[in-house]
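So this block is target39.txt, compact mmCIF, C-alpha atoms and all ligand atoms:
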# COMPACT_ATOMS: atom_id res chain seq x y z
CA LEU N 1 -33.52 -34.11 -38.39
CA GLY N 2 -33.89 -33.59 -42.14
CA ALA N 3 -30.35 -32.21 -42.23
CA THR N 4 -30.10 -31.85 -46.02
CA SER N 5 -32.74 -29.10 -45.74
CA ASP N 6 -31.34 -25.72 -46.78
CA ILE N 7 -32.90 -24.11 -43.69
CA ALA N 8 -31.47 -26.84 -41.44
CA ILE N 9 -27.98 -26.39 -42.93
CA ALA N 10 -28.18 -22.63 -42.36
CA ALA N 11 -29.31 -23.17 -38.76
CA ALA N 12 -26.52 -25.73 -38.21
CA HIS N 13 -24.01 -23.12 -39.42
CA CYS N 14 -25.32 -20.61 -36.86
CA PHE N 15 -25.01 -23.12 -34.01
CA ALA N 16 -21.56 -24.25 -35.22
CA LYS N 17 -20.40 -20.62 -35.49
CA ALA N 18 -21.27 -20.26 -31.79
CA GLY N 19 -19.06 -23.30 -31.05
CA HIS N 20 -21.70 -26.03 -30.74
CA PRO N 21 -20.89 -29.49 -32.13
CA ILE N 22 -23.42 -30.66 -34.71
CA MET N 23 -25.09 -34.01 -35.40
CA LEU N 24 -26.73 -34.28 -38.81
CA ALA N 25 -29.55 -36.77 -39.32
CA GLY N 26 -31.11 -37.64 -42.65
CA ARG N 27 -32.44 -40.53 -44.64
CA ASN N 28 -29.43 -40.64 -46.94
CA VAL N 29 -26.18 -40.44 -44.94
CA SER N 30 -24.00 -40.15 -48.05
CA SER N 31 -25.71 -36.85 -48.91
CA LEU N 32 -24.81 -35.53 -45.44
CA LEU N 33 -21.06 -36.11 -45.72
CA SER N 34 -20.22 -32.97 -47.70
CA ILE N 35 -22.38 -30.88 -45.31
CA GLU N 36 -20.49 -32.47 -42.39
CA LYS N 37 -17.06 -31.77 -43.95
CA ASN N 38 -18.00 -28.17 -44.68
CA ILE N 39 -19.14 -27.54 -41.08
CA GLU N 40 -15.98 -29.09 -39.61
CA GLU N 41 -13.67 -27.11 -41.89
CA LYS N 42 -15.52 -23.79 -41.64
CA PHE N 43 -16.24 -23.71 -37.91
CA SER N 44 -13.72 -26.14 -36.34
CA VAL N 45 -16.41 -28.00 -34.38
CA GLY N 46 -17.15 -31.72 -34.31
CA CYS N 47 -19.79 -32.88 -36.77
CA SER N 48 -21.22 -36.35 -37.40
CA SER N 49 -23.87 -37.87 -39.68
CA HIS N 50 -26.62 -40.32 -38.71
CA GLU N 51 -29.28 -42.23 -40.58
CA PHE N 52 -32.84 -41.14 -39.82
CA ASP N 53 -36.08 -41.55 -41.72
CA THR N 54 -39.07 -39.77 -40.23
CA LEU N 55 -41.44 -42.40 -41.64
CA ASP N 56 -39.60 -45.23 -39.82
CA ILE N 57 -41.63 -44.67 -36.66
CA LYS N 58 -40.93 -47.99 -34.97
CA ASN N 59 -37.20 -47.13 -34.86
CA HIS N 60 -37.43 -43.55 -33.56
CA LYS N 61 -36.57 -44.43 -29.95
CA LEU N 62 -33.78 -46.72 -31.11
CA PHE N 63 -32.40 -43.86 -33.22
CA TYR N 64 -31.85 -41.64 -30.16
CA ALA N 65 -30.56 -44.58 -28.09
CA SER N 66 -27.99 -45.36 -30.81
CA LEU N 67 -26.46 -41.87 -30.89
CA PRO N 68 -22.91 -41.72 -29.45
CA THR N 69 -23.76 -38.55 -27.46
CA LYS N 70 -27.07 -36.97 -26.50
CA PRO N 71 -28.06 -33.91 -28.52
CA HIS N 72 -29.11 -30.96 -26.31
CA VAL N 73 -31.02 -29.17 -29.07
CA ILE N 74 -33.08 -30.98 -31.68
CA ILE N 75 -34.24 -29.21 -34.82
CA CYS N 76 -36.79 -30.99 -36.99
CA ALA N 77 -36.68 -29.58 -40.53
CA VAL N 78 -38.30 -32.57 -42.21
CA GLY N 79 -40.96 -31.56 -44.72
CA LEU N 80 -42.52 -32.44 -48.05
CA LEU N 81 -44.43 -29.82 -50.03
CA GLY N 82 -46.05 -32.14 -52.57
CA SER N 83 -48.41 -30.80 -55.24
CA GLN N 84 -51.92 -29.83 -54.09
CA THR N 85 -53.58 -30.59 -57.43
CA GLU N 86 -51.85 -33.96 -57.84
CA ASP N 87 -52.38 -34.89 -54.18
CA GLN N 88 -56.12 -34.22 -54.56
CA GLN N 89 -56.15 -36.90 -57.30
CA ASN N 90 -53.79 -39.38 -55.71
CA LEU N 91 -54.63 -40.06 -52.08
CA GLU N 92 -51.43 -42.04 -51.50
CA ASP N 93 -49.37 -38.99 -52.46
CA ALA N 94 -51.54 -36.90 -50.12
CA GLN N 95 -50.96 -39.46 -47.37
CA LEU N 96 -47.20 -39.20 -47.85
CA VAL N 97 -47.38 -35.40 -47.51
CA MET N 98 -49.46 -35.72 -44.34
CA GLN N 99 -47.16 -38.37 -42.84
CA SER N 100 -43.96 -36.50 -43.76
CA ASN N 101 -45.10 -33.17 -42.29
CA TYR N 102 -47.17 -34.26 -39.31
CA ILE N 103 -47.09 -37.88 -38.12
CA GLY N 104 -43.39 -38.62 -38.75
CA PRO N 105 -41.97 -35.35 -37.33
CA SER N 106 -44.35 -35.29 -34.33
CA LEU N 107 -43.51 -38.84 -33.29
CA ALA N 108 -39.79 -38.31 -33.91
CA LEU N 109 -39.92 -35.41 -31.44
CA GLU N 110 -42.08 -37.38 -28.99
CA ALA N 111 -39.37 -40.05 -28.99
CA ALA N 112 -36.74 -37.36 -28.31
CA VAL N 113 -38.36 -36.12 -25.09
CA GLU N 114 -37.24 -39.20 -23.12
CA THR N 115 -33.61 -38.48 -24.06
CA LEU N 116 -33.78 -34.74 -23.38
CA LEU N 117 -35.41 -35.21 -19.97
CA THR N 118 -32.24 -37.01 -18.77
CA ILE N 119 -30.24 -33.81 -19.37
CA LYS N 120 -30.15 -31.36 -16.46
CA GLU N 121 -29.18 -28.18 -18.38
CA PRO N 122 -31.70 -26.21 -20.51
CA THR N 123 -32.42 -27.94 -23.80
CA ALA N 124 -34.69 -27.22 -26.74
CA ILE N 125 -36.78 -28.86 -29.41
CA ILE N 126 -37.32 -26.71 -32.50
CA GLY N 127 -39.98 -27.86 -34.94
CA ILE N 128 -40.14 -26.23 -38.37
CA SER N 129 -43.81 -25.94 -39.18
CA SER N 130 -45.23 -23.36 -41.62
CA VAL N 131 -47.55 -20.39 -41.95
CA ALA N 132 -49.51 -22.75 -44.23
CA GLY N 133 -50.79 -24.37 -41.02
CA ASP N 134 -52.31 -21.16 -39.65
CA ARG N 135 -55.33 -21.26 -42.01
CA GLY N 136 -56.19 -23.89 -44.62
CA ARG N 137 -56.13 -22.43 -48.12
CA ALA N 138 -57.38 -23.92 -51.42
CA LYS N 139 -53.88 -23.82 -52.91
CA ASN N 140 -52.11 -25.96 -50.30
CA TYR N 141 -54.48 -27.37 -47.69
CA ILE N 142 -53.11 -30.93 -47.81
CA TYR N 143 -49.63 -29.70 -46.85
CA GLY N 144 -51.13 -26.93 -44.68
CA SER N 145 -53.36 -29.24 -42.67
CA ALA N 146 -50.38 -31.46 -41.85
CA LYS N 147 -48.40 -28.40 -40.72
CA ALA N 148 -51.42 -27.30 -38.63
CA GLY N 149 -51.31 -30.70 -36.92
CA PHE N 150 -47.58 -30.33 -36.32
CA SER N 151 -48.01 -26.81 -34.88
CA ALA N 152 -50.77 -28.04 -32.55
CA TYR N 153 -48.56 -30.94 -31.51
CA LEU N 154 -45.67 -28.60 -30.64
CA SER N 155 -48.03 -26.29 -28.75
CA GLY N 156 -49.31 -29.15 -26.61
CA MET N 157 -45.83 -30.46 -26.00
CA ARG N 158 -44.69 -26.96 -24.95
CA GLN N 159 -47.47 -26.75 -22.36
CA ARG N 160 -46.80 -30.29 -21.09
CA LEU N 161 -43.05 -29.64 -20.68
CA SER N 162 -43.31 -26.07 -19.36
CA LYS N 163 -42.00 -27.07 -15.93
CA THR N 164 -38.97 -28.89 -17.37
CA PRO N 165 -35.73 -27.45 -18.82
CA ILE N 166 -36.93 -28.30 -22.36
CA ASN N 167 -38.13 -25.31 -24.36
CA ILE N 168 -40.29 -26.10 -27.39
CA ILE N 169 -40.04 -23.65 -30.27
CA THR N 170 -42.42 -23.62 -33.23
CA PHE N 171 -40.78 -21.99 -36.22
CA LYS N 172 -43.29 -20.94 -38.87
CA PRO N 173 -41.54 -19.65 -41.96
CA GLY N 174 -43.37 -17.85 -44.73
CA PHE N 175 -41.63 -18.03 -48.12
CA VAL N 176 -37.98 -19.12 -47.98
CA LYS N 177 -35.75 -19.61 -51.04
CA THR N 178 -34.68 -23.26 -50.82
CA LYS N 179 -34.70 -26.50 -52.83
CA MET N 180 -38.36 -26.88 -51.81
CA THR N 181 -39.42 -23.63 -53.50
CA HIS N 182 -36.87 -23.40 -56.34
CA ASN N 183 -39.53 -23.65 -59.10
CA ILE N 184 -42.08 -21.35 -57.42
CA PRO N 185 -41.98 -17.60 -58.14
CA LEU N 186 -41.79 -15.84 -54.75
CA PRO N 187 -42.36 -12.12 -54.03
CA ASP N 188 -39.11 -10.58 -52.73
CA ILE N 189 -40.83 -8.55 -50.03
CA LEU N 190 -42.20 -11.67 -48.31
CA THR N 191 -39.29 -14.00 -49.01
CA SER N 192 -36.35 -14.81 -46.73
CA SER N 193 -33.11 -16.53 -47.62
CA ALA N 194 -32.25 -19.85 -46.00
CA GLN N 195 -29.55 -18.00 -44.08
CA GLN N 196 -32.06 -15.50 -42.66
CA ALA N 197 -34.31 -18.40 -41.63
CA GLY N 198 -31.35 -20.18 -39.98
CA GLU N 199 -30.43 -17.00 -38.07
CA ARG N 200 -34.06 -16.65 -36.94
CA ILE N 201 -33.95 -20.20 -35.55
CA TYR N 202 -30.74 -19.51 -33.67
CA SER N 203 -32.02 -16.23 -32.20
CA ALA N 204 -35.27 -17.98 -31.16
CA PHE N 205 -33.17 -20.57 -29.34
CA LYS N 206 -31.04 -17.92 -27.63
CA GLY N 207 -34.13 -15.89 -26.71
CA ASN N 208 -36.08 -18.89 -25.37
CA LYS N 209 -38.97 -18.05 -27.71
CA SER N 210 -42.14 -20.11 -28.34
CA ASN N 211 -43.63 -19.17 -31.73
CA VAL N 212 -41.46 -17.52 -34.34
CA TYR N 213 -42.19 -16.36 -37.93
CA THR N 214 -40.00 -15.05 -40.74
CA LYS N 215 -40.29 -11.42 -41.86
CA HIS N 216 -43.78 -9.81 -42.04
CA TRP N 217 -45.57 -13.17 -41.73
CA ARG N 218 -46.79 -12.90 -38.15
CA LEU N 219 -48.84 -9.80 -39.01
CA LEU N 220 -49.93 -11.19 -42.38
CA MET N 221 -51.17 -14.46 -40.86
CA PHE N 222 -52.92 -12.57 -38.08
CA ILE N 223 -54.87 -10.61 -40.72
CA ILE N 224 -55.58 -13.75 -42.77
CA SER N 225 -56.76 -15.60 -39.64
CA CYS N 226 -59.18 -12.74 -38.84
CA LEU N 227 -60.88 -12.70 -42.26
CA PRO N 228 -64.51 -13.79 -41.94
CA GLU N 229 -65.31 -17.09 -43.68
CA TRP N 230 -67.70 -15.47 -46.24
CA LEU N 231 -64.87 -13.22 -47.44
CA PHE N 232 -62.15 -15.88 -47.18
CA LYS N 233 -64.18 -18.21 -49.46
CA LYS N 234 -64.22 -15.56 -52.21
CA LEU N 235 -60.47 -15.00 -52.17
CA ARG N 236 -57.85 -17.01 -54.09
CA PHE N 237 -54.29 -16.52 -52.83
N1 LIG V 301 -38.99 -23.14 -48.11
C1 LIG V 301 -40.10 -22.58 -47.66
O1 LIG V 301 -40.63 -21.60 -48.26
C2 LIG V 301 -40.78 -23.11 -46.42
C3 LIG V 301 -41.86 -22.39 -45.90
C4 LIG V 301 -42.50 -22.86 -44.76
C5 LIG V 301 -42.05 -24.00 -44.13
N2 LIG V 301 -40.99 -24.70 -44.67
C6 LIG V 301 -40.57 -25.91 -43.96
O2 LIG V 301 -39.20 -25.80 -43.64
C7 LIG V 301 -38.63 -27.11 -43.51
C8 LIG V 301 -37.35 -27.18 -44.28
O3 LIG V 301 -37.65 -27.03 -45.66
P1 LIG V 301 -36.65 -26.43 -46.75
O4 LIG V 301 -37.32 -25.25 -47.34
O5 LIG V 301 -35.28 -26.29 -46.17
O6 LIG V 301 -36.77 -27.56 -47.86
P2 LIG V 301 -35.86 -28.79 -48.24
O7 LIG V 301 -34.46 -28.32 -48.49
O8 LIG V 301 -36.60 -29.49 -49.33
O9 LIG V 301 -35.87 -29.70 -46.91
C9 LIG V 301 -36.80 -30.71 -46.65
C10 LIG V 301 -36.08 -31.76 -45.84
O10 LIG V 301 -36.99 -32.79 -45.43
C11 LIG V 301 -36.30 -34.02 -45.56
N3 LIG V 301 -37.19 -35.16 -45.58
C12 LIG V 301 -38.32 -35.33 -46.33
N4 LIG V 301 -38.87 -36.53 -46.06
C13 LIG V 301 -38.07 -37.12 -45.12
C14 LIG V 301 -38.11 -38.36 -44.45
N5 LIG V 301 -39.06 -39.27 -44.69
N6 LIG V 301 -37.16 -38.64 -43.51
C15 LIG V 301 -36.18 -37.74 -43.27
N7 LIG V 301 -36.06 -36.54 -43.90
C16 LIG V 301 -37.00 -36.26 -44.81
C17 LIG V 301 -35.52 -33.86 -46.85
O11 LIG V 301 -34.54 -34.87 -46.96
P3 LIG V 301 -34.02 -35.48 -48.36
O12 LIG V 301 -32.85 -34.63 -48.75
O13 LIG V 301 -33.66 -36.87 -48.02
O14 LIG V 301 -35.16 -35.38 -49.34
C18 LIG V 301 -34.95 -32.46 -46.62
O15 LIG V 301 -33.83 -32.53 -45.79
C19 LIG V 301 -39.71 -28.08 -44.02
O16 LIG V 301 -40.37 -28.64 -42.90
C20 LIG V 301 -40.65 -27.17 -44.79
O17 LIG V 301 -41.95 -27.71 -44.84
C21 LIG V 301 -40.34 -24.27 -45.79

Could I get this structure in the form of structure tokens?
Amino acid sequence: LGATSDIAIAAAHCFAKAGHPIMLAGRNVSSLLSIEKNIEEKFSVGCSSHEFDTLDIKNHKLFYASLPTKPHVIICAVGLLGSQTEDQQNLEDAQLVMQSNYIGPSLALEAAVETLLTIKEPTAIIGISSVAGDRGRAKNYIYGSAKAGFSAYLSGMRQRLSKTPINIITFKPGFVKTKMTHNIPLPDILTSSAQQAGERIYSAFKGNKSNVYTKHWRLLMFIISCLPEWLFKKLRF
């Protein structure tokens, strides 16, 4: 879901390389066709494209019911970064960021559970959240709070489904070089490529993991989460 995402494409390549057929879902099917062709040619696996808009909540169940085959692994890469300063001024823009990162993705995955529970073999739901959700910061708390909601959602779903064959993975990238961050200067030491992020998703799936970060970010977010509020308020990062 959100298959034009650079991270999603990289993850799809890892799954395709291992021989898995791929179903791409996005809100503009025509933009998926070249991604589909590339996967088929490069990895000789079946690949198809499907229309999906995370904000079209009333049709989420219909979306899964309409698929020609049931996906065994669902990756939700949908996200919208927005602009913190503009979103503070325009509440409708802020609402779109919150809906695109929390409400839409959470309910799209809720709708998927019904389908996955009919499959007997181990399956997985992988939600791409963000380190931005681990502690609200002045620079991005509108986006971050929505990701916090999505992470909490995935955590609850993981506990609820722990006795089923569905594993829920929360992927929390730090900085990743993608379309989303192309005009933001990122420090090399903390930045992963989309390919590294895709490989991390695939290894989390293979390893049956729960919460996964990109390089250095687990430790960094642990430290940031431990900072006392009086100190945190003085910092600007
Ligand atoms: N890049 C980073 O540094 C970073 C860090 C932490 C977390 N993340 C998260 O990683 C995920 C993937 O991001 P990315 O970096 O690969 O950025 P990206 O290339 O901009 O991907 C974002 C994806 O979300 C899709 N999307 C947005 N609104 C949608 C909607 N209403 N319905 C369906 N799809 C929708 C976009 O589709 P369209 O092509 O139709 O716009 C696009 O496929 C996102 O959830 C992002 O928040 C990224």

Quick one: residues within 6 Å of ligand LIG 301 (chain V), with all atoms listed in the file, as a PDB file with C-alpha atoms, in the frame of the given file?
ATOM      1  CA  GLY N   2     -33.890 -33.590 -42.140  1.00  0.00           C
ATOM      2  CA  ALA N   3     -30.350 -32.210 -42.230  1.00  0.00           C
ATOM      3  CA  THR N   4     -30.100 -31.850 -46.020  1.00  0.00           C
ATOM      4  CA  SER N   5     -32.740 -29.100 -45.740  1.00  0.00           C
ATOM      5  CA  ASP N   6     -31.340 -25.720 -46.780  1.00  0.00           C
ATOM      6  CA  ILE N   7     -32.900 -24.110 -43.690  1.00  0.00           C
ATOM      7  CA  GLY N  26     -31.110 -37.640 -42.650  1.00  0.00           C
ATOM      8  CA  ARG N  27     -32.440 -40.530 -44.640  1.00  0.00           C
ATOM      9  CA  ASN N  28     -29.430 -40.640 -46.940  1.00  0.00           C
ATOM     10  CA  PHE N  52     -32.840 -41.140 -39.820  1.00  0.00           C
ATOM     11  CA  ASP N  53     -36.080 -41.550 -41.720  1.00  0.00           C
ATOM     12  CA  THR N  54     -39.070 -39.770 -40.230  1.00  0.00           C
ATOM     13  CA  LEU N  55     -41.440 -42.400 -41.640  1.00  0.00           C
ATOM     14  CA  ALA N  77     -36.680 -29.580 -40.530  1.00  0.00           C
ATOM     15  CA  VAL N  78     -38.300 -32.570 -42.210  1.00  0.00           C
ATOM     16  CA  GLY N  79     -40.960 -31.560 -44.720  1.00  0.00           C
ATOM     17  CA  LEU N  80     -42.520 -32.440 -48.050  1.00  0.00           C
ATOM     18  CA  SER N 100     -43.960 -36.500 -43.760  1.00  0.00           C
ATOM     19  CA  ILE N 128     -40.140 -26.230 -38.370  1.00  0.00           C
ATOM     20  CA  SER N 129     -43.810 -25.940 -39.180  1.00  0.00           C
ATOM     21  CA  SER N 130     -45.230 -23.360 -41.620  1.00  0.00           C
ATOM     22  CA  PRO N 173     -41.540 -19.650 -41.960  1.00  0.00           C
ATOM     23  CA  GLY N 174     -43.370 -17.850 -44.730  1.00  0.00           C
ATOM     24  CA  PHE N 175     -41.630 -18.030 -48.120  1.00  0.00           C
ATOM     25  CA  VAL N 176     -37.980 -19.120 -47.980  1.00  0.00           C
ATOM     26  CA  LYS N 177     -35.750 -19.610 -51.040  1.00  0.00           C
ATOM     27  CA  THR N 178     -34.680 -23.260 -50.820  1.00  0.00           C
ATOM     28  CA  LYS N 179     -34.700 -26.500 -52.830  1.00  0.00           C
ATOM     29  CA  MET N 180     -38.360 -26.880 -51.810  1.00  0.00           C
ATOM     30  CA  THR N 181     -39.420 -23.630 -53.500  1.00  0.00           C
TER      31      THR N 181
END

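The residues that lie within 8 Å of the point (-32.4, -29.0, -31.5), counting all atoms listed in the file, are N:Pro71, N:His72, N:Val73, N:Ile74, N:Ile75, N:Cys76, N:Thr123, N:Ala124, N:Ile125, N:Ile126.
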
Measuring atom to atom with only C-alpha atoms, identify which of N:Phe232, N:Ala132, N:Pro165, N:Thr191 is nearest to Lys120 in chain N.
-> N:Pro165

Could you please determine the separation between CA of Thr85 in chain N and CA of Asn140 in chain N in Å, to one decimal place?
->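 About the pair CA of Thr85 in chain N and CA of Asn140 in chain N: they are 8.6 Å apart.
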
If you measure from CA of Ala111 in chain N to CA of Tyr64 in chain N, what distance in Å do you get, rounded to one decimal?
->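 The value is 7.8 Å.
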
Given the choices N:Ile142, N:Ala16, N:His60, N:Leu190, which gets closest to Gln89 in chain N if the distance is worked out from only C-alpha atoms?
->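 Nearest candidate to Gln89 in chain N out of N:Ile142, N:Ala16, N:His60, N:Leu190: N:Ile142.
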
Shortest interatomic distance to Arg200 in chain N - which of N:Asp188, N:Ile57, N:Gly46, N:Phe171, counting all atoms listed in the file = N:Phe171

How many Å separate CA of Glu41 in chain N from CA of Lys17 in chain N?
->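 If I compute the distance from CA of Glu41 in chain N to CA of Lys17 in chain N, I get 11.3 Å.
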
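Considering the residues N:Leu107, N:Cys14, N:Val97, N:Val45 and counting only C-alpha atoms, Asn59 in chain N has its shortest atom-to-atom contact with N:Leu107.
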
Contacts of Arg218 in chain N at 12 Å (all atoms listed in the file; same-chain gap of 2+ positions) as a ChimeraX atom specification = /N:130-132,134,171-174,190,211-216,220-225
